[in-house]
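The structure file model.txt is reproduced below (compact mmCIF, C-alpha atoms and all ligand atoms).
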```txt
# COMPACT_ATOMS: atom_id res chain seq x y z
CA MET K 1 0.00 0.00 0.00
CA GLU K 2 1.09 3.56 -0.78
CA GLU K 3 2.75 5.36 2.13
CA ASN K 4 0.43 7.82 3.89
CA ARG K 5 2.23 11.17 3.95
CA VAL K 6 -0.80 13.30 4.82
CA LYS K 7 -2.02 11.89 8.14
CA GLY K 8 -2.39 14.72 10.69
CA LYS K 9 -2.17 17.47 8.05
CA ILE K 10 -4.78 20.18 7.55
CA ALA K 11 -6.75 20.52 4.30
CA PHE K 12 -9.06 23.36 3.32
CA ILE K 13 -11.74 22.34 0.81
CA SER K 14 -14.09 24.83 -0.83
CA GLY K 15 -17.36 23.47 -2.19
CA ALA K 16 -17.32 20.60 0.30
CA SER K 17 -21.10 20.12 0.55
CA SER K 18 -21.47 18.15 -2.69
CA GLY K 19 -19.81 16.26 -5.52
CA ILE K 20 -16.03 16.41 -5.87
CA GLY K 21 -15.47 18.53 -2.74
CA LYS K 22 -17.55 16.27 -0.51
CA ALA K 23 -15.96 13.09 -1.88
CA THR K 24 -12.51 14.64 -1.34
CA ALA K 25 -13.42 15.44 2.26
CA GLU K 26 -14.41 11.79 2.76
CA LYS K 27 -11.26 10.45 1.09
CA LEU K 28 -8.85 12.73 2.98
CA ALA K 29 -10.68 12.04 6.26
CA GLN K 30 -10.09 8.32 5.65
CA MET K 31 -6.39 9.15 5.33
CA GLY K 32 -6.39 10.95 8.69
CA VAL K 33 -6.36 14.54 7.41
CA ASN K 34 -8.01 17.23 9.55
CA LEU K 35 -10.41 19.31 7.49
CA ILE K 36 -11.71 22.84 7.05
CA LEU K 37 -14.84 22.50 4.95
CA CYS K 38 -16.55 25.42 3.29
CA ALA K 39 -19.80 25.88 1.36
CA ARG K 40 -23.13 27.72 1.71
CA ARG K 41 -25.31 24.77 2.81
CA GLU K 42 -24.74 24.63 6.55
CA ASN K 43 -26.85 21.53 7.28
CA ILE K 44 -24.93 19.35 4.87
CA LEU K 45 -21.57 20.56 6.24
CA ASN K 46 -22.68 19.91 9.83
CA GLU K 47 -23.84 16.40 9.01
CA LEU K 48 -20.59 15.70 7.12
CA LYS K 49 -18.52 16.99 10.07
CA GLU K 50 -20.38 14.75 12.52
CA ASN K 51 -19.99 11.64 10.33
CA LEU K 52 -16.32 12.18 9.47
CA GLU K 53 -15.28 12.97 13.05
CA LYS K 54 -17.12 9.92 14.35
CA GLN K 55 -15.95 7.55 11.63
CA TYR K 56 -12.29 8.59 11.26
CA GLY K 57 -11.38 10.32 14.54
CA ILE K 58 -10.22 13.46 12.73
CA LYS K 59 -11.16 17.08 13.51
CA VAL K 60 -13.37 19.12 11.20
CA ILE K 61 -14.10 22.84 11.13
CA THR K 62 -17.00 24.05 9.01
CA LEU K 63 -17.12 27.55 7.52
CA VAL K 64 -20.39 28.65 5.98
CA PHE K 65 -19.95 31.42 3.45
CA ASP K 66 -20.34 32.38 -0.17
CA VAL K 67 -16.99 32.52 -1.99
CA ARG K 68 -18.30 35.47 -4.02
CA ASN K 69 -18.18 37.73 -0.97
CA TYR K 70 -14.55 38.75 -0.30
CA ASN K 71 -15.32 40.19 3.16
CA ASP K 72 -16.94 36.92 4.20
CA VAL K 73 -14.03 34.91 2.81
CA LEU K 74 -11.59 37.04 4.81
CA LYS K 75 -13.69 37.10 7.99
CA ASN K 76 -14.20 33.34 8.04
CA ILE K 77 -10.62 32.37 7.28
CA ASN K 78 -9.22 34.97 9.69
CA SER K 79 -11.52 33.56 12.40
CA LEU K 80 -9.59 30.27 12.41
CA ASP K 81 -7.40 29.58 15.45
CA ASP K 82 -3.67 29.88 14.82
CA GLU K 83 -3.25 26.08 14.79
CA TRP K 84 -5.92 25.75 12.07
CA LYS K 85 -4.27 28.47 10.00
CA LYS K 86 -1.35 26.10 9.37
CA ILE K 87 -3.03 24.78 6.22
CA ASP K 88 -1.05 22.17 4.24
CA ILE K 89 -3.50 21.44 1.44
CA LEU K 90 -5.93 23.71 -0.41
CA VAL K 91 -8.53 22.20 -2.71
CA ASN K 92 -9.94 25.26 -4.51
CA ASN K 93 -13.00 23.53 -5.89
CA ALA K 94 -16.21 25.57 -5.40
CA GLY K 95 -17.62 26.33 -8.82
CA LEU K 96 -20.49 25.93 -11.21
CA ALA K 97 -21.86 26.26 -14.71
CA VAL K 98 -25.18 28.00 -15.24
CA GLY K 99 -26.90 27.64 -18.59
CA LEU K 100 -25.72 26.29 -21.93
CA GLU K 101 -26.42 29.10 -24.40
CA LYS K 102 -25.03 30.98 -27.32
CA ILE K 103 -23.14 34.05 -26.14
CA TYR K 104 -25.72 36.39 -27.70
CA GLN K 105 -28.54 34.60 -25.87
CA TYR K 106 -26.95 34.31 -22.44
CA ASP K 107 -28.70 35.72 -19.40
CA MET K 108 -26.21 38.16 -17.86
CA GLU K 109 -27.17 37.06 -14.33
CA ASP K 110 -25.93 33.56 -15.20
CA VAL K 111 -22.74 35.01 -16.66
CA ASP K 112 -22.14 37.00 -13.46
CA ARG K 113 -22.73 33.92 -11.27
CA MET K 114 -20.09 31.92 -13.15
CA VAL K 115 -17.49 34.70 -13.31
CA ASP K 116 -18.09 35.74 -9.70
CA THR K 117 -17.81 32.17 -8.38
CA ASN K 118 -15.29 30.45 -10.65
CA ILE K 119 -12.85 33.34 -11.16
CA LYS K 120 -13.41 35.93 -8.44
CA GLY K 121 -14.40 33.56 -5.61
CA PHE K 122 -11.60 31.20 -6.62
CA THR K 123 -9.16 34.14 -6.47
CA TYR K 124 -10.47 35.35 -3.07
CA ILE K 125 -9.80 31.89 -1.60
CA ALA K 126 -6.29 31.67 -3.09
CA ASN K 127 -5.46 35.24 -2.07
CA THR K 128 -6.46 34.57 1.55
CA ILE K 129 -4.97 31.11 2.02
CA LEU K 130 -1.64 31.41 0.19
CA PRO K 131 -0.13 33.84 2.75
CA LEU K 132 -1.03 31.34 5.50
CA MET K 133 0.71 28.56 3.58
CA ILE K 134 3.80 30.67 2.98
CA ALA K 135 3.93 31.47 6.72
CA THR K 136 3.93 27.76 7.69
CA ASP K 137 7.25 27.25 5.86
CA LYS K 138 6.16 23.65 5.22
CA VAL K 139 5.73 21.92 1.86
CA CYS K 140 2.12 22.61 0.88
CA THR K 141 -0.07 21.64 -2.08
CA VAL K 142 -2.69 23.71 -3.85
CA VAL K 143 -5.12 21.77 -6.03
CA ASN K 144 -7.11 24.01 -8.36
CA ILE K 145 -10.13 22.37 -9.95
CA GLY K 146 -10.16 23.32 -13.60
CA SER K 147 -11.86 21.31 -16.34
CA VAL K 148 -11.51 19.88 -19.82
CA ALA K 149 -13.63 22.99 -20.56
CA GLY K 150 -10.47 24.94 -19.74
CA GLU K 151 -8.54 23.22 -22.56
CA ILE K 152 -10.93 23.38 -25.53
CA ALA K 153 -13.95 25.69 -25.65
CA TYR K 154 -17.22 24.06 -26.71
CA PRO K 155 -20.27 25.69 -28.32
CA ASN K 156 -22.74 27.22 -25.84
CA GLY K 157 -20.17 26.94 -23.07
CA SER K 158 -18.27 30.17 -23.76
CA ILE K 159 -18.36 31.72 -20.30
CA TYR K 160 -17.98 28.52 -18.29
CA CYS K 161 -15.07 27.51 -20.55
CA ALA K 162 -13.55 30.97 -20.13
CA THR K 163 -13.71 30.63 -16.34
CA LYS K 164 -11.89 27.30 -16.52
CA PHE K 165 -9.30 28.73 -18.93
CA ALA K 166 -8.87 31.35 -16.21
CA VAL K 167 -8.25 28.62 -13.62
CA LYS K 168 -5.50 27.30 -15.91
CA ALA K 169 -4.00 30.80 -16.34
CA ILE K 170 -4.11 31.58 -12.64
CA SER K 171 -2.65 28.15 -11.76
CA ASP K 172 0.27 28.65 -14.17
CA ALA K 173 1.01 32.18 -12.96
CA MET K 174 0.66 31.12 -9.33
CA ARG K 175 3.09 28.23 -9.79
CA SER K 176 5.70 30.59 -11.25
CA GLU K 177 5.13 33.22 -8.56
CA LEU K 178 5.62 30.57 -5.88
CA ILE K 179 8.70 29.01 -7.45
CA ASP K 180 10.96 30.02 -4.55
CA LYS K 181 8.40 28.90 -1.94
CA LYS K 182 7.57 25.38 -0.79
CA ILE K 183 4.16 25.34 -2.48
CA LYS K 184 3.13 22.99 -5.27
CA VAL K 185 0.30 23.96 -7.60
CA THR K 186 -1.72 21.38 -9.51
CA ASN K 187 -4.51 22.11 -11.97
CA ILE K 188 -6.80 19.05 -12.11
CA LYS K 189 -9.06 19.07 -15.17
CA PRO K 190 -11.89 16.54 -14.98
CA GLY K 191 -14.13 15.52 -17.87
CA LEU K 192 -17.69 14.36 -17.25
CA VAL K 193 -18.29 13.73 -13.55
CA ASP K 194 -21.80 12.81 -12.38
CA THR K 195 -22.46 15.26 -9.52
CA GLU K 196 -25.00 18.05 -8.93
CA PHE K 197 -23.10 20.00 -11.61
CA SER K 198 -25.49 19.33 -14.53
CA LEU K 199 -28.63 19.76 -12.41
CA ILE K 200 -27.35 23.21 -11.48
CA ARG K 201 -26.31 24.01 -15.05
CA PHE K 202 -29.87 23.18 -16.25
CA LYS K 203 -31.53 24.92 -13.29
CA GLY K 204 -33.12 21.78 -11.84
CA ASP K 205 -34.18 20.15 -15.14
CA LYS K 206 -33.36 16.51 -14.35
CA THR K 207 -34.04 15.18 -17.84
CA LYS K 208 -31.54 17.59 -19.38
CA ALA K 209 -29.05 16.84 -16.60
CA ASP K 210 -29.38 13.07 -17.04
CA ASN K 211 -28.88 13.42 -20.81
CA VAL K 212 -25.35 14.72 -20.22
CA TYR K 213 -24.36 11.27 -18.95
CA LYS K 214 -26.45 9.24 -21.44
CA GLY K 215 -24.62 6.52 -23.39
CA ILE K 216 -21.35 6.93 -21.51
CA GLU K 217 -20.27 5.84 -18.07
CA PRO K 218 -19.14 9.11 -16.49
CA LEU K 219 -16.65 9.54 -13.73
CA TYR K 220 -17.98 9.80 -10.19
CA ALA K 221 -16.89 12.32 -7.59
CA GLU K 222 -14.92 9.57 -5.80
CA ASP K 223 -12.74 9.08 -8.90
CA ILE K 224 -11.61 12.71 -8.79
CA ALA K 225 -11.24 12.51 -5.00
CA ASP K 226 -8.86 9.56 -5.48
CA THR K 227 -6.87 11.64 -7.99
CA ILE K 228 -6.68 14.57 -5.58
CA ALA K 229 -5.60 12.24 -2.77
CA TYR K 230 -2.85 10.85 -5.02
CA VAL K 231 -1.58 14.34 -5.89
CA VAL K 232 -1.49 15.63 -2.31
CA ASN K 233 0.11 12.42 -0.99
CA LEU K 234 3.14 12.53 -3.32
CA PRO K 235 6.64 12.91 -1.87
CA ASP K 236 7.58 16.56 -1.20
CA LYS K 237 9.89 16.78 -4.20
CA ILE K 238 7.23 15.78 -6.77
CA GLN K 239 4.88 18.37 -8.23
CA ILE K 240 2.25 17.52 -10.83
CA THR K 241 1.45 20.71 -12.71
CA ASP K 242 -1.58 19.64 -14.76
CA LEU K 243 -3.70 16.52 -14.81
CA THR K 244 -6.62 15.83 -17.16
CA VAL K 245 -8.91 13.00 -16.08
CA THR K 246 -11.69 11.75 -18.36
CA PRO K 247 -13.97 8.72 -18.58
CA LEU K 248 -13.02 5.89 -20.95
CA HIS K 249 -15.00 7.21 -23.94
CA GLN K 250 -14.22 10.94 -23.57
CA ALA K 251 -11.18 12.35 -25.41
CA ASN K 252 -11.65 15.99 -24.41
CA GLY K 253 -14.42 18.55 -23.82
CA ILE K 254 -15.92 18.15 -27.30
CA HIS K 255 -15.21 14.56 -28.35
CA ILE K 256 -17.34 12.03 -26.52
CA TYR K 257 -18.39 8.60 -27.80
CA ARG K 258 -21.87 7.58 -26.65
CA GLU K 259 -23.48 4.17 -27.09
CA SER K 260 -27.04 4.52 -28.37
P1 LIG Q 301 -21.45 20.19 -7.34
O1 LIG Q 301 -22.53 21.10 -7.80
O2 LIG Q 301 -21.83 18.82 -6.92
O3 LIG Q 301 -20.61 20.90 -6.17
C1 LIG Q 301 -20.30 22.27 -6.22
C2 LIG Q 301 -19.84 22.74 -4.85
O4 LIG Q 301 -19.47 24.12 -4.93
C3 LIG Q 301 -20.93 22.61 -3.80
O5 LIG Q 301 -20.37 22.15 -2.60
C4 LIG Q 301 -21.42 24.05 -3.63
O6 LIG Q 301 -21.84 24.25 -2.28
C5 LIG Q 301 -20.12 24.84 -3.90
N1 LIG Q 301 -20.39 26.20 -4.31
C6 LIG Q 301 -20.98 26.62 -5.45
N2 LIG Q 301 -21.10 27.94 -5.45
C7 LIG Q 301 -20.58 28.38 -4.27
C8 LIG Q 301 -20.42 29.66 -3.68
N3 LIG Q 301 -20.84 30.77 -4.30
N4 LIG Q 301 -19.86 29.75 -2.45
C9 LIG Q 301 -19.45 28.63 -1.81
N5 LIG Q 301 -19.56 27.40 -2.33
C10 LIG Q 301 -20.12 27.28 -3.54
O7 LIG Q 301 -20.42 20.12 -8.56
P2 LIG Q 301 -19.00 19.42 -8.75
O8 LIG Q 301 -18.57 18.71 -7.55
O9 LIG Q 301 -19.05 18.69 -10.03
O10 LIG Q 301 -18.10 20.72 -8.99
C11 LIG Q 301 -16.93 21.01 -8.26
C12 LIG Q 301 -15.94 21.67 -9.20
O11 LIG Q 301 -15.59 20.76 -10.24
C13 LIG Q 301 -16.45 22.92 -9.90
O12 LIG Q 301 -15.44 23.90 -9.91
C14 LIG Q 301 -16.74 22.45 -11.33
O13 LIG Q 301 -16.62 23.49 -12.25
C15 LIG Q 301 -15.63 21.42 -11.49
N6 LIG Q 301 -15.82 20.42 -12.53
C16 LIG Q 301 -16.93 19.62 -12.54
C17 LIG Q 301 -17.08 18.68 -13.54
C18 LIG Q 301 -18.28 17.81 -13.65
O14 LIG Q 301 -18.52 17.23 -14.74
N7 LIG Q 301 -19.07 17.63 -12.60
C19 LIG Q 301 -16.02 18.48 -14.57
C20 LIG Q 301 -14.92 19.40 -14.45
C21 LIG Q 301 -14.82 20.31 -13.46
P3 LIG Q 301 -23.11 25.08 -1.78
O15 LIG Q 301 -24.14 25.02 -2.88
O16 LIG Q 301 -23.52 24.40 -0.52
O17 LIG Q 301 -22.56 26.44 -1.55
C1 LIG Q 302 -17.46 20.27 -16.48
C2 LIG Q 302 -17.27 19.33 -17.62
O1 LIG Q 302 -17.51 19.09 -20.13
O2 LIG Q 302 -19.45 19.81 -18.88
O3 LIG Q 302 -16.36 21.11 -16.32
O4 LIG Q 302 -17.63 21.30 -19.23
S1 LIG Q 302 -18.01 19.93 -19.02
```
Translate the structure of the given file into structure tokens.
Ligand code: NDP
Ligand code: 8X3
Amino acid sequence: MEENRVKGKIAFISGASSGIGKATAEKLAQMGVNLILCARRENILNELKENLEKQYGIKVITLVFDVRNYNDVLKNINSLDDEWKKIDILVNNAGLAVGLEKIYQYDMEDVDRMVDTNIKGFTYIANTILPLMIATDKVCTVVNIGSVAGEIAYPNGSIYCATKFAVKAISDAMRSELIDKKIKVTNIKPGLVDTEFSLIRFKGDKTKADNVYKGIEPLYAEDIADTIAYVVNLPDKIQITDLTVTPLHQANGIHIYRES
């Protein structure tokens, strides 16, 4: 079995109430990592905290805030005790797609939600946590959740794709800026993962959401959680810069083979 190098460390996960973030919380808890979990849905976070603490004997802090509000990001992260500020792992994951429309037909509220969450919220989290990581003087890992949508833009996905191209750009710049620090930066780019993602994209329309995964076995949140666990558990000297993870029959964001 692979050596466990993360037991006793502290991980901060944004978007921990569902999908990839929640599965990552469960996976890292299993490995003995103490967790700071953030999202807007307080009940889900509280239930997750209770289960993970009971099952794995780790400690969990929950922070309920919207990543789009910089003051709330700052206030919540600054409220952590000094011991909890020694964060070793950041999984910058909170994000969403809203709508699938031609650029000239997009609702600007949907555009704002994506840009505000996936670029600005993502930046607020990185901006607040990186100084804490630098101060620990330990080897830390930042995992930024990008997407295959951040490699090739697909029709009707302009803004979502642009936000994930931004995650790629910010990850690359960040890695260079941190080159003399002990911080690794990995951009993980999943393909189709069956989470609440499509239900949110189609505003609760389950038929449209289910169609996204029709004729292909998608990835599940646990598959990406396993990938994240692998990345953060590597020896200190090894940094993975980018990692694209797709299901068997998906080549990239636009080329998917579906059985009819
Ligand atoms: P889910 O919808 O299942 O999870 C999204 C998480 O983000 C939830 O925990 C949600 O929590 C949180 N979140 C959303 N908006 C905010 C906000 N404003 N403030 C705080 N938290 C927020 O989707 P996934 O797990 O699939 O998505 C996670 C990441 O993975 C996203 O960045 C997505 O773009 C990316 N991704 C997803 C893929 C997929 O096919 N599913 C493929 C490639 C990338 P709450 O609502 O409680 O606030
Ligand atoms: C989510 C995957 O292909 O729907 O990032 O954009 S996709």
Considering all atoms listed in the file, state which residue in the set K:Ile183, K:Ile228, K:Leu96, K:Leu178 is at the smallest distance from ligand LIG 302 (chain Q).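 Among K:Ile183, K:Ile228, K:Leu96, K:Leu178, it is K:Leu96 that comes nearest to ligand LIG 302 (chain Q).
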Throw together the list of residues within 7 Å of ligand LIG 301 (chain Q), counting only C-alpha atoms and all ligand atoms, and drop it here as a PyMOL selection string. chain K and resi 14-22+38-41+65-68+93-97+117-118+145-148+189-198+200+221
Using only C-alpha atoms, determine which residues lie at most 12 Å from stretch 30-35 of chain K, disregarding the query and same-chain residues fewer than 3 positions distant; provide the list as a PyMOL selection string. chain K and resi 2-14+16+21-27+38+45+48-49+51-63+83-91+225-226+229-230+232-233
Write a file of the selected residues as a PDB file, in the frame of the given file, keeping C-alpha atoms.
```
ATOM      1  CA  GLU K   2       1.090   3.560  -0.780  1.00  0.00           C
ATOM      2  CA  GLU K   3       2.750   5.360   2.130  1.00  0.00           C
ATOM      3  CA  ASN K   4       0.430   7.820   3.890  1.00  0.00           C
ATOM      4  CA  ARG K   5       2.230  11.170   3.950  1.00  0.00           C
ATOM      5  CA  VAL K   6      -0.800  13.300   4.820  1.00  0.00           C
ATOM      6  CA  LYS K   7      -2.020  11.890   8.140  1.00  0.00           C
ATOM      7  CA  GLY K   8      -2.390  14.720  10.690  1.00  0.00           C
ATOM      8  CA  LYS K   9      -2.170  17.470   8.050  1.00  0.00           C
ATOM      9  CA  ILE K  10      -4.780  20.180   7.550  1.00  0.00           C
ATOM     10  CA  ALA K  11      -6.750  20.520   4.300  1.00  0.00           C
ATOM     11  CA  PHE K  12      -9.060  23.360   3.320  1.00  0.00           C
ATOM     12  CA  ILE K  13     -11.740  22.340   0.810  1.00  0.00           C
ATOM     13  CA  SER K  14     -14.090  24.830  -0.830  1.00  0.00           C
ATOM     14  CA  ALA K  16     -17.320  20.600   0.300  1.00  0.00           C
ATOM     15  CA  GLY K  21     -15.470  18.530  -2.740  1.00  0.00           C
ATOM     16  CA  LYS K  22     -17.550  16.270  -0.510  1.00  0.00           C
ATOM     17  CA  ALA K  23     -15.960  13.090  -1.880  1.00  0.00           C
ATOM     18  CA  THR K  24     -12.510  14.640  -1.340  1.00  0.00           C
ATOM     19  CA  ALA K  25     -13.420  15.440   2.260  1.00  0.00           C
ATOM     20  CA  GLU K  26     -14.410  11.790   2.760  1.00  0.00           C
ATOM     21  CA  LYS K  27     -11.260  10.450   1.090  1.00  0.00           C
ATOM     22  CA  CYS K  38     -16.550  25.420   3.290  1.00  0.00           C
ATOM     23  CA  LEU K  45     -21.570  20.560   6.240  1.00  0.00           C
ATOM     24  CA  LEU K  48     -20.590  15.700   7.120  1.00  0.00           C
ATOM     25  CA  LYS K  49     -18.520  16.990  10.070  1.00  0.00           C
ATOM     26  CA  ASN K  51     -19.990  11.640  10.330  1.00  0.00           C
ATOM     27  CA  LEU K  52     -16.320  12.180   9.470  1.00  0.00           C
ATOM     28  CA  GLU K  53     -15.280  12.970  13.050  1.00  0.00           C
ATOM     29  CA  LYS K  54     -17.120   9.920  14.350  1.00  0.00           C
ATOM     30  CA  GLN K  55     -15.950   7.550  11.630  1.00  0.00           C
ATOM     31  CA  TYR K  56     -12.290   8.590  11.260  1.00  0.00           C
ATOM     32  CA  GLY K  57     -11.380  10.320  14.540  1.00  0.00           C
ATOM     33  CA  ILE K  58     -10.220  13.460  12.730  1.00  0.00           C
ATOM     34  CA  LYS K  59     -11.160  17.080  13.510  1.00  0.00           C
ATOM     35  CA  VAL K  60     -13.370  19.120  11.200  1.00  0.00           C
ATOM     36  CA  ILE K  61     -14.100  22.840  11.130  1.00  0.00           C
ATOM     37  CA  THR K  62     -17.000  24.050   9.010  1.00  0.00           C
ATOM     38  CA  LEU K  63     -17.120  27.550   7.520  1.00  0.00           C
ATOM     39  CA  GLU K  83      -3.250  26.080  14.790  1.00  0.00           C
ATOM     40  CA  TRP K  84      -5.920  25.750  12.070  1.00  0.00           C
ATOM     41  CA  LYS K  85      -4.270  28.470  10.000  1.00  0.00           C
ATOM     42  CA  LYS K  86      -1.350  26.100   9.370  1.00  0.00           C
ATOM     43  CA  ILE K  87      -3.030  24.780   6.220  1.00  0.00           C
ATOM     44  CA  ASP K  88      -1.050  22.170   4.240  1.00  0.00           C
ATOM     45  CA  ILE K  89      -3.500  21.440   1.440  1.00  0.00           C
ATOM     46  CA  LEU K  90      -5.930  23.710  -0.410  1.00  0.00           C
ATOM     47  CA  VAL K  91      -8.530  22.200  -2.710  1.00  0.00           C
ATOM     48  CA  ALA K 225     -11.240  12.510  -5.000  1.00  0.00           C
ATOM     49  CA  ASP K 226      -8.860   9.560  -5.480  1.00  0.00           C
ATOM     50  CA  ALA K 229      -5.600  12.240  -2.770  1.00  0.00           C
ATOM     51  CA  TYR K 230      -2.850  10.850  -5.020  1.00  0.00           C
ATOM     52  CA  VAL K 232      -1.490  15.630  -2.310  1.00  0.00           C
ATOM     53  CA  ASN K 233       0.110  12.420  -0.990  1.00  0.00           C
TER      54      ASN K 233
END
```
Would you place a box with edges along x, y and z of the file around all atoms of ligand LIG 302 (chain Q) listed there, add 8 Å to each of its six sides, and report the centre and edge lengths in Å to one decimal, as lines of an AutoDock Vina configuration file?
```
center_x = -17.9
center_y = 20.2
center_z = -18.2
size_x = 19.1
size_y = 18.2
size_z = 19.8
```
Minimum-distance residue to K:Ala29, chosen among K:Asn78, K:Gln239, K:Glu50, K:Asn71 (using only C-alpha atoms):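 Checking each of K:Asn78, K:Gln239, K:Glu50, K:Asn71 against K:Ala29, counting only C-alpha atoms, the winner is K:Glu50.
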To one decimal place, how far is atom CA of K:Ala162 from atom CA of K:Lys206 in Å?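 Distance reported for this atom pair: 25.2 Å.
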Spatial neighbours of K:Asp137, max dist 9 Å, only C-alpha atoms, sep filter under 4 positions, as a ChimeraX atom specification: /K:133,181-182
Rank nothing, just name the residue among K:Tyr160, K:Phe165, K:Tyr104, K:Phe122 nearest to K:Arg201, using all atoms listed in the file.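 Under the stated criterion, the closest residue is K:Tyr160.
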Correct to one decimal, the distance atom CA of K:Ile256-atom CA of K:Arg113 is 27.2 Å
Would you list the contacts of K:Cys161 as number ranges by chain, taking every protein, DNA or RNA residue within 9 Å and counting only C-alpha atoms, but skipping same-chain residues closer than 2 positions in sequence? K: 147-154, 157-159, 163-166
Just the number, please: distance in Å from atom CA of K:Tyr220 to atom CA of K:Val115, one decimal.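 Computing the Euclidean distance for atom CA of K:Tyr220 and atom CA of K:Val115 yields 25.1 Å.
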Considering all atoms listed in the file, can you say which of K:Val73, K:Gly99, K:Asp110, K:Asn252 comes closest to K:Tyr124?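 Nearest candidate to K:Tyr124 out of K:Val73, K:Gly99, K:Asp110, K:Asn252: K:Val73.
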